[in-house]
$ cat run.cif   # mmCIF, C-alpha atoms
data_data
loop_
_atom_site.label_atom_id
_atom_site.label_comp_id
_atom_site.auth_asym_id
_atom_site.auth_seq_id
_atom_site.Cartn_x
_atom_site.Cartn_y
_atom_site.Cartn_z
CA MET H 1 105.19 79.72 82.13
CA LEU H 2 108.48 80.96 83.46
CA ARG H 3 110.78 78.38 84.93
CA HIS H 4 111.68 79.34 88.44
CA LEU H 5 112.07 77.76 91.82
CA LYS H 6 108.88 78.03 93.77
CA TRP H 7 107.58 76.24 96.81
CA THR H 8 104.00 75.11 96.39
CA PHE H 9 102.06 74.20 99.46
CA LEU H 10 99.26 71.74 98.68
CA PHE H 11 96.71 71.88 101.45
CA LEU H 12 95.66 68.43 102.61
CA LEU H 13 91.91 68.84 102.86
CA SER H 14 91.20 65.19 103.49
CA LEU H 15 93.68 64.75 106.35
CA VAL H 16 92.20 65.06 109.83
CA LEU H 17 94.50 65.44 112.81
CA VAL H 18 93.09 65.06 116.28
CA LEU H 19 94.31 67.69 118.68
CA ASN H 20 94.62 66.23 122.20
CA GLY H 21 95.20 68.34 125.20
CA CYS H 22 95.13 71.80 123.60
CA GLY H 23 91.43 72.49 123.38
CA GLY H 24 90.64 75.81 124.92
CA GLY H 25 94.25 76.96 124.51
CA GLU H 26 94.99 80.64 124.21
CA SER H 27 94.34 82.34 120.92
CA GLY H 28 97.37 82.96 118.75
CA ASP H 29 98.69 86.46 118.25
CA THR H 30 99.31 87.55 114.70
CA GLN H 31 101.02 90.32 112.81
CA ALA H 32 98.31 92.44 111.27
CA ASN H 33 95.42 92.87 113.63
CA GLY H 34 92.53 95.19 114.26
CA SER H 35 89.48 94.81 116.44
CA GLY H 36 87.37 91.71 116.29
CA VAL H 37 88.04 88.03 115.61
CA GLY H 38 86.30 86.33 112.71
CA SER H 39 85.20 82.73 112.47
CA GLY H 40 86.21 80.58 109.56
CA GLY H 41 85.51 77.05 108.36
CA THR H 42 85.73 76.45 104.64
CA GLY H 43 88.34 78.58 102.93
CA SER H 44 91.89 79.72 103.55
CA TYR H 45 93.84 82.01 105.86
CA THR H 46 97.42 83.19 105.63
CA ASN H 47 99.65 85.50 107.64
CA GLY H 48 102.99 86.70 106.30
CA PRO H 49 104.86 89.28 104.23
CA VAL H 50 103.74 90.31 100.74
CA SER H 51 106.31 88.80 98.34
CA GLY H 52 104.59 89.67 95.07
CA LEU H 53 102.09 92.05 93.52
CA GLY H 54 99.34 91.49 90.99
CA SER H 55 97.14 90.92 92.99
CA ILE H 56 99.24 89.97 96.09
CA ILE H 57 101.37 86.92 96.75
CA VAL H 58 101.66 85.81 100.37
CA ASN H 59 103.28 82.57 101.50
CA ASN H 60 103.48 81.48 97.83
CA VAL H 61 99.75 81.81 97.17
CA ARG H 62 98.51 84.47 94.73
CA TYR H 63 95.40 86.11 96.19
CA ASP H 64 93.08 88.11 93.96
CA VAL H 65 92.20 91.19 96.03
CA ASP H 66 90.00 93.01 93.50
CA THR H 67 86.82 92.37 95.50
CA ALA H 68 88.36 92.01 98.96
CA ARG H 69 87.67 94.23 101.93
CA ILE H 70 91.05 95.79 102.73
CA ARG H 71 91.67 97.17 106.20
CA ARG H 72 94.55 98.64 108.14
CA ASP H 73 94.97 97.38 111.70
CA ASP H 74 93.68 100.63 113.21
CA ASP H 75 90.53 100.75 111.05
CA SER H 76 87.17 100.27 112.74
CA GLU H 77 84.78 97.54 111.65
CA ALA H 78 82.65 100.22 109.99
CA SER H 79 85.52 101.71 107.97
CA ALA H 80 85.27 101.65 104.19
CA SER H 81 87.51 99.28 102.29
CA ARG H 82 90.90 100.68 101.34
CA ASP H 83 92.46 100.83 97.88
CA PRO H 84 94.31 97.59 96.95
CA ALA H 85 97.16 99.84 95.76
CA GLU H 86 97.99 100.45 99.44
CA LEU H 87 99.34 96.89 99.68
CA LYS H 88 103.10 96.96 99.09
CA LEU H 89 105.99 94.52 98.96
CA GLY H 90 107.17 93.50 102.41
CA MET H 91 104.03 94.54 104.26
CA MET H 92 102.82 92.05 106.85
CA VAL H 93 99.26 91.01 106.06
CA GLU H 94 96.57 88.58 107.09
CA VAL H 95 94.34 87.24 104.33
CA GLN H 96 91.07 85.34 104.58
CA GLY H 97 89.69 83.95 101.37
CA SER H 98 88.53 81.05 99.28
CA GLY H 99 90.17 77.66 99.26
CA VAL H 100 93.50 77.51 97.44
CA THR H 101 93.51 76.08 93.92
CA PRO H 102 96.77 74.22 93.28
CA ALA H 103 98.87 75.27 90.29
CA SER H 104 97.70 73.71 87.02
CA THR H 105 101.19 73.78 85.47
CA ALA H 106 104.66 73.20 86.83
CA GLY H 107 106.20 76.34 88.29
CA ALA H 108 102.93 78.27 88.48
CA THR H 109 101.62 79.82 91.69
CA PRO H 110 98.58 78.41 93.54
CA VAL H 111 95.69 80.89 93.54
CA ALA H 112 92.80 81.97 95.75
CA THR H 113 90.35 84.87 96.03
CA ALA H 114 90.68 87.10 99.09
CA SER H 115 87.59 88.25 100.97
CA THR H 116 89.44 90.20 103.68
CA VAL H 117 92.97 91.59 103.84
CA ARG H 118 94.27 93.22 107.00
CA TYR H 119 97.69 94.85 107.20
CA GLY H 120 99.68 96.61 109.86
CA SER H 121 103.13 97.79 110.83
CA VAL H 122 105.00 97.09 114.06
CA LEU H 123 106.68 100.46 114.67
CA VAL H 124 106.03 104.09 113.73
CA GLY H 125 108.38 106.77 114.97
CA PRO H 126 111.75 108.49 114.52
CA ALA H 127 114.77 106.44 113.42
CA ALA H 128 118.02 106.39 115.37
CA ASN H 129 121.26 104.39 115.48
CA VAL H 130 121.09 103.60 111.76
CA THR H 131 123.84 101.21 110.63
CA ILE H 132 124.76 100.42 107.02
CA ASN H 133 126.35 97.33 105.49
CA LEU H 134 129.50 97.57 103.35
CA ASP H 135 127.37 97.27 100.20
CA GLY H 136 125.32 100.31 101.23
CA SER H 137 122.22 98.37 102.33
CA LEU H 138 120.46 98.89 105.64
CA ALA H 139 121.79 96.72 108.48
CA SER H 140 119.81 97.92 111.51
CA LEU H 141 118.21 100.87 113.25
CA THR H 142 116.28 101.65 116.40
CA VAL H 143 112.79 103.08 116.80
CA HIS H 144 111.61 104.00 120.31
CA GLN H 145 114.97 102.51 121.44
CA GLN H 146 113.90 99.12 120.07
CA ARG H 147 116.40 97.27 117.86
CA VAL H 148 115.27 96.53 114.31
CA ASN H 149 117.39 94.24 112.11
CA ALA H 150 117.26 94.31 108.30
CA ASN H 151 118.40 91.62 105.87
CA ALA H 152 118.47 90.85 102.16
CA ARG H 153 114.69 90.28 102.13
CA THR H 154 113.87 93.65 103.69
CA VAL H 155 112.20 96.14 101.36
CA VAL H 156 113.64 99.60 102.07
CA THR H 157 112.05 102.60 100.35
CA ARG H 158 115.04 104.78 101.29
CA ILE H 159 117.90 104.42 103.76
CA PRO H 160 116.73 106.46 106.77
CA THR H 161 118.90 108.99 108.54
CA PHE H 162 118.77 110.01 112.18
CA GLY H 163 115.42 111.59 113.01
CA ASP H 164 113.62 110.45 109.87
CA HIS H 165 110.15 109.20 110.68
CA VAL H 166 109.78 105.58 109.60
CA GLU H 167 107.11 102.92 109.49
CA VAL H 168 108.46 99.42 110.02
CA TYR H 169 106.69 96.20 109.04
CA GLY H 170 108.18 93.01 110.36
CA LEU H 171 108.49 90.03 112.66
CA LEU H 172 109.07 90.05 116.40
CA ASP H 173 111.07 87.47 118.34
CA ALA H 174 110.54 86.38 121.94
CA SER H 175 113.06 88.92 123.25
CA GLY H 176 111.32 91.79 121.50
CA VAL H 177 113.85 92.27 118.67
CA TYR H 178 112.30 93.07 115.29
CA THR H 179 113.27 91.70 111.88
CA ALA H 180 112.07 94.21 109.30
CA THR H 181 110.26 93.03 106.19
CA ARG H 182 109.68 96.60 104.99
CA VAL H 183 111.00 100.00 106.11
CA GLU H 184 109.22 103.09 104.79
CA VAL H 185 110.58 106.59 105.32
CA SER H 186 107.68 108.99 105.84
CA SER H 187 107.52 112.31 104.02
CA SER H 188 105.70 113.97 106.93
CA THR H 189 105.49 113.71 110.70
CA PRO H 190 102.88 111.13 111.75
CA MET H 191 100.00 112.23 113.96
CA THR H 192 100.55 109.22 116.23
CA TYR H 193 103.41 106.86 116.96
CA LYS H 194 102.99 103.11 117.23
CA MET H 195 104.56 100.06 118.81
CA VAL H 196 103.75 96.35 118.72
CA GLY H 197 105.38 94.40 121.53
CA TYR H 198 105.18 92.15 124.54
CA VAL H 199 103.99 93.54 127.87
CA SER H 200 106.56 93.25 130.64
CA ALA H 201 104.59 94.75 133.52
CA VAL H 202 101.38 96.63 134.32
CA THR H 203 100.85 99.29 136.97
CA ASP H 204 97.81 101.38 137.84
CA ARG H 205 98.93 104.02 135.32
CA VAL H 206 101.29 102.57 132.74
CA ILE H 207 102.22 99.39 130.95
CA TYR H 208 105.84 98.57 130.10
CA VAL H 209 106.45 97.20 126.61
CA GLY H 210 109.53 96.26 124.60
CA GLN H 211 113.03 94.89 124.89
CA SER H 212 114.07 94.30 128.50
CA THR H 213 116.86 96.90 128.64
CA VAL H 214 114.87 99.64 126.90
CA LEU H 215 111.28 99.18 128.03
CA GLN H 216 108.83 101.88 126.97
CA ALA H 217 106.25 103.19 129.44
CA ILE H 218 102.81 103.74 127.93
CA ASP H 219 100.25 105.66 130.00
CA TYR H 220 96.77 104.22 129.46
CA THR H 221 94.78 106.39 131.91
CA SER H 222 93.32 108.59 129.12
CA LEU H 223 91.83 105.64 127.24
CA PRO H 224 88.01 105.52 127.25
CA GLY H 225 87.13 102.50 129.35
CA GLY H 226 90.64 102.14 130.71
CA LEU H 227 93.01 99.28 129.92
CA PRO H 228 91.48 96.70 127.55
CA ALA H 229 90.85 93.20 128.85
CA GLY H 230 93.68 90.78 128.24
CA VAL H 231 96.50 93.30 128.62
CA GLY H 232 98.78 91.61 131.12
CA ALA H 233 102.32 90.37 131.46
CA THR H 234 103.55 88.55 128.31
CA ALA H 235 100.53 89.66 126.24
CA ARG H 236 101.34 90.91 122.75
CA ILE H 237 99.70 94.27 122.11
CA ARG H 238 99.44 97.04 119.55
CA ALA H 239 99.66 100.53 121.01
CA TRP H 240 99.19 103.92 119.36
CA PHE H 241 100.28 107.00 121.28
CA SER H 242 100.85 110.73 121.02
CA PRO H 243 104.29 111.69 119.65
CA THR H 244 105.29 113.60 122.81
CA LEU H 245 106.36 112.08 126.12
CA SER H 246 104.45 113.19 129.21
CA GLY H 247 105.90 112.49 132.63
CA GLY H 248 108.34 110.00 131.15
CA ALA H 249 105.61 107.97 129.40
CA TRP H 250 103.90 107.87 126.03
CA VAL H 251 100.21 108.76 126.23
CA ALA H 252 98.16 106.03 124.60
CA THR H 253 95.37 106.84 122.16
CA ARG H 254 94.52 103.20 121.51
CA ILE H 255 95.63 99.75 122.70
CA VAL H 256 94.49 96.37 121.39
CA VAL H 257 95.55 92.82 122.14
CA ASP H 258 96.76 90.94 119.05
CA GLN H 259 94.31 88.29 117.89
CA PRO H 260 94.08 86.33 114.63
CA LEU H 261 91.69 87.34 111.87
CA VAL H 262 90.07 83.88 112.02
CA GLU H 263 89.96 81.09 114.60
CA ASP H 264 88.69 78.15 112.52
CA ILE H 265 89.43 77.49 108.87
CA ASP H 266 90.34 74.54 106.65
CA GLU H 267 93.59 75.88 105.16
CA ALA H 268 95.99 78.12 107.03
CA SER H 269 99.61 79.23 106.80
CA VAL H 270 101.76 81.47 108.96
CA GLU H 271 105.30 82.74 108.43
CA GLY H 272 107.20 84.18 111.35
CA LEU H 273 109.87 83.71 113.99
CA VAL H 274 109.91 80.88 116.52
CA THR H 275 108.93 82.53 119.80
CA GLN H 276 108.39 79.31 121.78
CA LEU H 277 109.92 75.90 121.05
CA PRO H 278 107.69 72.79 120.91
CA ASP H 279 106.90 71.32 124.31
CA ALA H 280 106.26 67.66 125.12
CA SER H 281 102.74 67.89 123.70
CA GLY H 282 103.92 69.43 120.42
CA LEU H 283 102.73 72.97 121.14
CA MET H 284 104.92 75.88 120.05
CA LYS H 285 104.54 79.50 118.98
CA VAL H 286 105.43 81.23 115.73
CA ASP H 287 105.34 85.00 116.16
CA SER H 288 103.08 84.21 119.14
CA GLN H 289 100.64 82.17 117.00
CA LEU H 290 99.98 78.92 118.88
CA VAL H 291 100.92 75.96 116.65
CA ASN H 292 100.54 72.20 117.22
CA VAL H 293 103.29 70.26 115.39
CA ARG H 294 102.63 66.85 116.94
CA GLY H 295 101.16 65.52 113.69
CA ILE H 296 104.30 66.12 111.59
CA ILE H 297 107.80 64.65 111.58
CA MET H 298 110.42 67.23 112.56
CA THR H 299 113.54 66.47 110.53
CA THR H 300 115.65 69.24 112.10
CA SER H 301 115.73 71.01 115.44
CA LEU H 302 114.27 74.49 115.60
CA THR H 303 115.96 77.39 117.37
CA PRO H 304 114.42 80.43 119.07
CA GLY H 305 114.12 83.33 116.63
CA GLU H 306 114.40 81.10 113.55
CA ARG H 307 112.21 82.12 110.63
CA ILE H 308 109.82 79.36 109.56
CA ARG H 309 106.58 78.82 107.69
CA VAL H 310 103.86 76.46 108.90
CA GLU H 311 100.79 75.18 107.05
CA GLY H 312 97.76 73.28 108.24
CA ARG H 313 94.32 74.22 109.53
CA MET H 314 93.09 76.57 112.24
CA GLN H 315 91.05 75.07 115.06
CA SER H 316 89.93 77.29 117.95
CA GLY H 317 92.76 79.68 117.21
CA VAL H 318 95.43 76.94 117.10
CA LEU H 319 97.25 76.17 113.85
CA ILE H 320 97.39 72.37 113.52
CA ALA H 321 100.44 71.82 111.33
CA THR H 322 100.68 69.50 108.34
CA GLU H 323 103.71 71.17 106.71
CA LEU H 324 106.71 73.07 108.06
CA ALA H 325 109.61 74.69 106.22
CA ALA H 326 112.71 76.17 107.85
CA GLY H 327 116.37 76.87 107.23
CA SER H 328 117.80 76.40 103.75
CA ALA H 329 114.55 74.84 102.52
CA LEU H 330 112.65 78.03 103.34
CA GLU H 331 115.39 80.16 101.80
CA GLN H 332 115.10 78.22 98.54
CA GLU H 333 111.32 78.31 98.54
CA GLU H 334 111.40 82.10 98.98
CA SER H 335 113.91 82.58 96.21
CA GLY H 336 112.52 85.84 94.88
CA THR H 337 109.83 88.39 94.21
CA GLU H 338 107.06 88.15 91.62
CA LEU H 339 105.32 91.12 90.00
CA HIS H 340 102.45 91.21 87.48
CA GLY H 341 101.19 94.38 85.84
CA GLN H 342 101.56 97.12 83.27
CA ILE H 343 104.92 98.86 83.02
CA SER H 344 105.82 102.53 82.60
CA GLN H 345 108.88 104.80 82.59
CA VAL H 346 110.76 102.24 80.52
CA THR H 347 114.46 102.82 79.81
CA ALA H 348 117.12 100.45 78.54
CA GLN H 349 117.92 99.46 82.14
CA THR H 350 114.81 100.05 84.28
CA PHE H 351 111.02 100.27 84.33
CA VAL H 352 108.29 100.72 86.92
CA VAL H 353 105.54 98.19 87.63
CA ARG H 354 103.01 98.58 90.47
CA GLY H 355 105.12 101.37 91.93
CA VAL H 356 108.29 99.26 92.06
CA THR H 357 111.39 100.21 90.06
CA VAL H 358 112.88 97.15 88.38
CA ALA H 359 116.42 96.92 86.99
CA TYR H 360 116.92 94.53 84.08
CA THR H 361 119.14 93.55 81.17
CA PRO H 362 117.81 92.53 77.74
CA SER H 363 119.05 88.96 78.31
CA VAL H 364 116.38 88.29 80.96
CA VAL H 365 113.47 89.26 78.67
CA HIS H 366 111.88 86.26 76.98
CA GLU H 367 112.16 86.09 73.19
CA ASN H 368 114.45 89.15 73.25
CA ARG H 369 111.38 91.36 73.21
CA THR H 370 111.99 95.11 73.47
CA LEU H 371 110.04 96.47 76.44
CA ARG H 372 107.79 99.48 75.91
CA ASP H 373 105.51 101.62 78.07
CA GLY H 374 102.14 99.88 78.44
CA ASP H 375 103.45 96.31 78.11
CA CYS H 376 102.02 93.83 80.56
CA VAL H 377 104.71 91.77 82.25
CA GLU H 378 105.34 88.93 84.62
CA VAL H 379 108.57 89.67 86.48
CA HIS H 380 110.64 87.38 88.64
CA ALA H 381 113.35 89.14 90.60
CA GLN H 382 115.99 88.46 93.20
CA GLY H 383 117.30 91.06 95.61
CA TYR H 384 117.99 94.78 95.25
CA ASN H 385 120.87 96.78 93.81
CA SER H 386 122.67 99.67 95.51
CA ASN H 387 120.01 102.06 94.15
CA GLY H 388 117.23 100.13 95.85
CA GLN H 389 115.92 98.76 92.55
CA LEU H 390 114.56 95.22 92.32
CA ILE H 391 116.85 93.08 90.14
CA ALA H 392 114.92 91.12 87.49
CA THR H 393 115.99 87.55 86.70
CA GLU H 394 113.19 86.72 84.22
CA ILE H 395 110.62 88.84 82.38
CA GLU H 396 107.76 87.68 80.18
CA ALA H 397 105.98 90.46 78.31
CA GLY H 398 102.61 90.49 76.54
CA ASP H 399 99.86 92.77 75.35
CA SER H 400 97.25 91.91 77.96
CA CYS H 401 97.47 91.92 81.75
CA HIS H 402 95.96 89.07 83.73
#

$ encode --input "run.cif" --output "structure tokens"
Amino acid sequence: MLRHLKWTFLFLLSLVLVLNGCGGGESGDTQANGSGVGSGGTGSYTNGPVSGLGSIIVNNVRYDVDTARIRRDDDSEASASRDPAELKLGMMVEVQGSGVTPASTAGATPVATASTVRYGSVLVGPAANVTINLDGSLASLTVHQQRVNANARTVVTRIPTFGDHVEVYGLLDASGVYTATRVEVSSSTPMTYKMVGYVSAVTDRVIYVGQSTVLQAIDYTSLPGGLPAGVGATARIRAWFSPTLSGGAWVATRIVVDQPLVEDIDEASVEGLVTQLPDASGLMKVDSQLVNVRGIIMTTSLTPGERIRVEGRMQSGVLIATELAAGSALEQEESGTELHGQISQVTAQTFVVRGVTVAYTPSVVHENRTLRDGDCVEVHAQGYNSNGQLIATEIEAGDSCH
């Protein structure tokens, strides 16, 4: 196997933590949500950005999605499963699947089989106020007047310009500021716009959602059945609306309250931003997912908006933590991107695998093998160049894909 830094979470199936004082707590809100809340038990659940393809790697677990039911967050329960090829690097997903099998060799990735994958973006609409870093990478933009920050981890299909329609996947902090994990520039005007955010206020006609200085008014009076239950101040919602303002408000076509894909399951992990610090009982929120950290030793203090990953088990919608990674430890554990698949469009400097253009030099290819169209590869990469190409750090090539 390739030698590379990788953080392996080993789920502690035999450890039982007793949760005192949080039974009946509110359900956590998660990133990629549609209608309905499943029930779990034996198996695994994860919520985070896709960091590898072939099948998909989320929170350092490689999930086989060949037989999974794949849904977008606006799909109905009766919708047919989507093509696994729709899952892209940087998309925020929820995965329910089998228990995780730890890596059998050093440096390998733990594996599981997905039964359900649900994905969804946080913003759809026209880009404005685009700012660029000195190296030409995306620094920030606004969508519906909401600030979106980008960083070195953000997958950007193309630097947007003013007025380009974009779809943003990402994390949301307690103040309503987004950290993008993927920014896609659309080739056509979307039929509906979208916004995921926290409700500030509700009137008899509109709800106000977003960052405090630039709240968006969303008119819900045309919704069949009116405003869904649970939409109140501080609730995290997903709203779809027509792309034209009417009377100073967006006209909603659908609104749902964010809920997790599962409420009870043996193994669970969530990556997101700290939206509520731990209280005296050990309860906190990560991207609005309720987490109990009383059973673990906190070696460093957390800060609001800090990106962390938590592992444990889900009980009644609460993630009972057994592992937590933050700061430099999380940065090291997420040291790169992993791709598996068959390559095409091979040149002396680039190739394409699973729709991603990879830049490489011969020195990173094991055994000095010359790459050819049709080779099956395992690629480890770190960051993007000025052309938006993933930069390979190690490549192992073979004749069969697995």

$ residues_around --input "run.cif" --residues "region 369-384 of chain H" --least-positions-apart "4" --cutoff "6 Å" --atoms "only C-alpha atoms" --output "list in words"
Gly336, Thr337, Glu338, Leu339, His340, Gly341, Gln342, Ile343, Ser344, Val346, Gly388, Gln389, Leu390, Ile391, Ala392, Thr393, Glu394, Ile395, Glu396, Ala397, Gly398, Asp399, Ser400 and Cys401 of chain H

$ write_last_selection --input "run.cif" --atoms "C-alpha atoms" --output "mmCIF file, keeping the file's coordinate frame"
data_model
loop_
_atom_site.group_PDB
_atom_site.id
_atom_site.type_symbol
_atom_site.label_atom_id
_atom_site.label_comp_id
_atom_site.auth_asym_id
_atom_site.auth_seq_id
_atom_site.Cartn_x
_atom_site.Cartn_y
_atom_site.Cartn_z
ATOM 1 C CA GLY H 336 112.520 85.840 94.880
ATOM 2 C CA THR H 337 109.830 88.390 94.210
ATOM 3 C CA GLU H 338 107.060 88.150 91.620
ATOM 4 C CA LEU H 339 105.320 91.120 90.000
ATOM 5 C CA HIS H 340 102.450 91.210 87.480
ATOM 6 C CA GLY H 341 101.190 94.380 85.840
ATOM 7 C CA GLN H 342 101.560 97.120 83.270
ATOM 8 C CA ILE H 343 104.920 98.860 83.020
ATOM 9 C CA SER H 344 105.820 102.530 82.600
ATOM 10 C CA VAL H 346 110.760 102.240 80.520
ATOM 11 C CA GLY H 388 117.230 100.130 95.850
ATOM 12 C CA GLN H 389 115.920 98.760 92.550
ATOM 13 C CA LEU H 390 114.560 95.220 92.320
ATOM 14 C CA ILE H 391 116.850 93.080 90.140
ATOM 15 C CA ALA H 392 114.920 91.120 87.490
ATOM 16 C CA THR H 393 115.990 87.550 86.700
ATOM 17 C CA GLU H 394 113.190 86.720 84.220
ATOM 18 C CA ILE H 395 110.620 88.840 82.380
ATOM 19 C CA GLU H 396 107.760 87.680 80.180
ATOM 20 C CA ALA H 397 105.980 90.460 78.310
ATOM 21 C CA GLY H 398 102.610 90.490 76.540
ATOM 22 C CA ASP H 399 99.860 92.770 75.350
ATOM 23 C CA SER H 400 97.250 91.910 77.960
ATOM 24 C CA CYS H 401 97.470 91.920 81.750
#

$ residues_around --input "run.cif" --residues "Ala229 (chain H)" --least-positions-apart "6" --cutoff "12 Å" --atoms "all atoms listed in the file" --output "ChimeraX atom specification"
/H:235,237,255-258

$ closest_residue --input "run.cif" --among "H:Ile218, H:Ser188, H:Ala239, H:Val100" --to "Ser121 (chain H)" --atoms "all atoms listed in the file"
H:Ala239

$ closest_atom_pairs --input "run.cif" --of "region 133-227 of chain H" --to "region 353-363 of chain H" --cutoff "12 Å" --atoms "only C-alpha atoms" --output "CSV"
residue,atom,partner,partner_atom,distance
H:Val155,CA,H:Val356,CA,10.6
H:Val156,CA,H:Val356,CA,11.4
H:Thr157,CA,H:Val356,CA,9.7

$ residues_around --input "run.cif" --residues "Asp219 (chain H)" --least-positions-apart "6" --cutoff "9 Å" --atoms "only C-alpha atoms" --output "MDAnalysis selection string"
chainID H and resid 205:207 241 246 249:252

$ write_last_selection --input "run.cif" --atoms "C-alpha atoms" --output "JSON list (two decimals), keeping the file's coordinate frame"
[["chain", "number", "residue", "atom", "x", "y", "z"],
["H", 205, "ARG", "CA", 98.93, 104.02, 135.32],
["H", 206, "VAL", "CA", 101.29, 102.57, 132.74],
["H", 207, "ILE", "CA", 102.22, 99.39, 130.95],
["H", 241, "PHE", "CA", 100.28, 107.00, 121.28],
["H", 246, "SER", "CA", 104.45, 113.19, 129.21],
["H", 249, "ALA", "CA", 105.61, 107.97, 129.40],
["H", 250, "TRP", "CA", 103.90, 107.87, 126.03],
["H", 251, "VAL", "CA", 100.21, 108.76, 126.23],
["H", 252, "ALA", "CA", 98.16, 106.03, 124.60]]

$ resolve_selection --input "run.cif" --expression "the PyMOL selection byres ((chain H and resi 97) around 7)" --output "list of chain:residue names"
H:Gly43, H:Ser44, H:Tyr45, H:Val95, H:Gln96, H:Ser98, H:Gly99, H:Ala112, H:Thr113, H:Ala114, H:Ser115, H:Thr116

$ resolve_selection --input "run.cif" --expression "the PyMOL selection byres ((chain H and resi 198) around 9)" --output "MDAnalysis selection string"
chainID H and resid 174:176 196:197 199:200 208:211 233:237

$ resolve_selection --input "run.cif" --expression "the PyMOL selection byres ((chain H and resi 303) around 12)" --output "number ranges by chain"
H: 173-174, 273-278, 284-286, 300-302, 304-308, 326-327

$ atom_distance --input "run.cif" --atom1 "CA of Arg294 (chain H)" --atom2 "CA of Gln315 (chain H)"
14.3 Å

$ atom_distance --input "run.cif" --atom1 "CA of Leu261 (chain H)" --atom2 "CA of Asp73 (chain H)"
10.6 Å

$ closest_residue --input "run.cif" --among "H:Leu324, H:Val177, H:Val117, H:Ala152" --to "Asn133 (chain H)" --atoms "only C-alpha atoms"
H:Ala152

$ residues_around --input "run.cif" --residues "Thr181 (chain H)" --least-positions-apart "4" --cutoff "6 Å" --atoms "only C-alpha atoms" --output "list in words"
Gly90, Thr154, Tyr169 and Gly170 of chain H

$ residues_near_point --input "run.cif" --point "(118.5, 95.7, 116.4)" --cutoff "9 Å" --atoms "only C-alpha atoms" --output "tab-separated table (two decimals) with C-alpha atoms, in the frame of the given file"
chain	number	residue	atom	x	y	z
H	139	ALA	CA	121.79	96.72	108.48
H	140	SER	CA	119.81	97.92	111.51
H	141	LEU	CA	118.21	100.87	113.25
H	142	THR	CA	116.28	101.65	116.40
H	146	GLN	CA	113.90	99.12	120.07
H	147	ARG	CA	116.40	97.27	117.86
H	148	VAL	CA	115.27	96.53	114.31
H	149	ASN	CA	117.39	94.24	112.11
H	150	ALA	CA	117.26	94.31	108.30
H	177	VAL	CA	113.85	92.27	118.67
H	178	TYR	CA	112.30	93.07	115.29
H	179	THR	CA	113.27	91.70	111.88

$ decode --input "run.cif" --residues "region 303-312 of chain H" --atoms "N, CA, C and O atoms" --output "PDB file, in the first residue's frame"
ATOM      1  N   THR H 303     -13.278  26.563  20.098  1.00  0.00           N
ATOM      2  CA  THR H 303     -13.730  27.930  19.858  1.00  0.00           C
ATOM      3  C   THR H 303     -14.913  27.901  18.893  1.00  0.00           C
ATOM      4  O   THR H 303     -15.005  27.012  18.038  1.00  0.00           O
ATOM      5  N   PRO H 304     -15.834  28.849  19.018  1.00  0.00           N
ATOM      6  CA  PRO H 304     -16.962  28.896  18.083  1.00  0.00           C
ATOM      7  C   PRO H 304     -16.469  29.007  16.640  1.00  0.00           C
ATOM      8  O   PRO H 304     -15.548  29.768  16.334  1.00  0.00           O
ATOM      9  N   GLY H 305     -17.072  28.231  15.747  1.00  0.00           N
ATOM     10  CA  GLY H 305     -16.699  28.256  14.348  1.00  0.00           C
ATOM     11  C   GLY H 305     -15.524  27.365  13.994  1.00  0.00           C
ATOM     12  O   GLY H 305     -15.193  27.231  12.814  1.00  0.00           O
ATOM     13  N   GLU H 306     -14.898  26.725  14.988  1.00  0.00           N
ATOM     14  CA  GLU H 306     -13.768  25.832  14.718  1.00  0.00           C
ATOM     15  C   GLU H 306     -14.253  24.557  14.032  1.00  0.00           C
ATOM     16  O   GLU H 306     -15.296  24.011  14.371  1.00  0.00           O
ATOM     17  N   ARG H 307     -13.460  24.089  13.069  1.00  0.00           N
ATOM     18  CA  ARG H 307     -13.827  22.874  12.349  1.00  0.00           C
ATOM     19  C   ARG H 307     -13.305  21.658  13.112  1.00  0.00           C
ATOM     20  O   ARG H 307     -12.117  21.578  13.435  1.00  0.00           O
ATOM     21  N   ILE H 308     -14.183  20.724  13.427  1.00  0.00           N
ATOM     22  CA  ILE H 308     -13.807  19.540  14.185  1.00  0.00           C
ATOM     23  C   ILE H 308     -14.494  18.314  13.605  1.00  0.00           C
ATOM     24  O   ILE H 308     -15.410  18.413  12.794  1.00  0.00           O
ATOM     25  N   ARG H 309     -14.026  17.154  14.029  1.00  0.00           N
ATOM     26  CA  ARG H 309     -14.680  15.895  13.695  1.00  0.00           C
ATOM     27  C   ARG H 309     -14.895  15.112  14.989  1.00  0.00           C
ATOM     28  O   ARG H 309     -14.007  15.017  15.824  1.00  0.00           O
ATOM     29  N   VAL H 310     -16.099  14.577  15.134  1.00  0.00           N
ATOM     30  CA  VAL H 310     -16.466  13.826  16.334  1.00  0.00           C
ATOM     31  C   VAL H 310     -16.923  12.438  15.927  1.00  0.00           C
ATOM     32  O   VAL H 310     -17.638  12.278  14.939  1.00  0.00           O
ATOM     33  N   GLU H 311     -16.511  11.425  16.704  1.00  0.00           N
ATOM     34  CA  GLU H 311     -16.972  10.050  16.491  1.00  0.00           C
ATOM     35  C   GLU H 311     -17.578   9.494  17.763  1.00  0.00           C
ATOM     36  O   GLU H 311     -17.229   9.898  18.871  1.00  0.00           O
ATOM     37  N   GLY H 312     -18.490   8.563  17.585  1.00  0.00           N
ATOM     38  CA  GLY H 312     -19.120   7.899  18.718  1.00  0.00           C
ATOM     39  C   GLY H 312     -20.297   7.078  18.257  1.00  0.00           C
ATOM     40  O   GLY H 312     -20.203   6.351  17.271  1.00  0.00           O
TER      41      GLY H 312
END
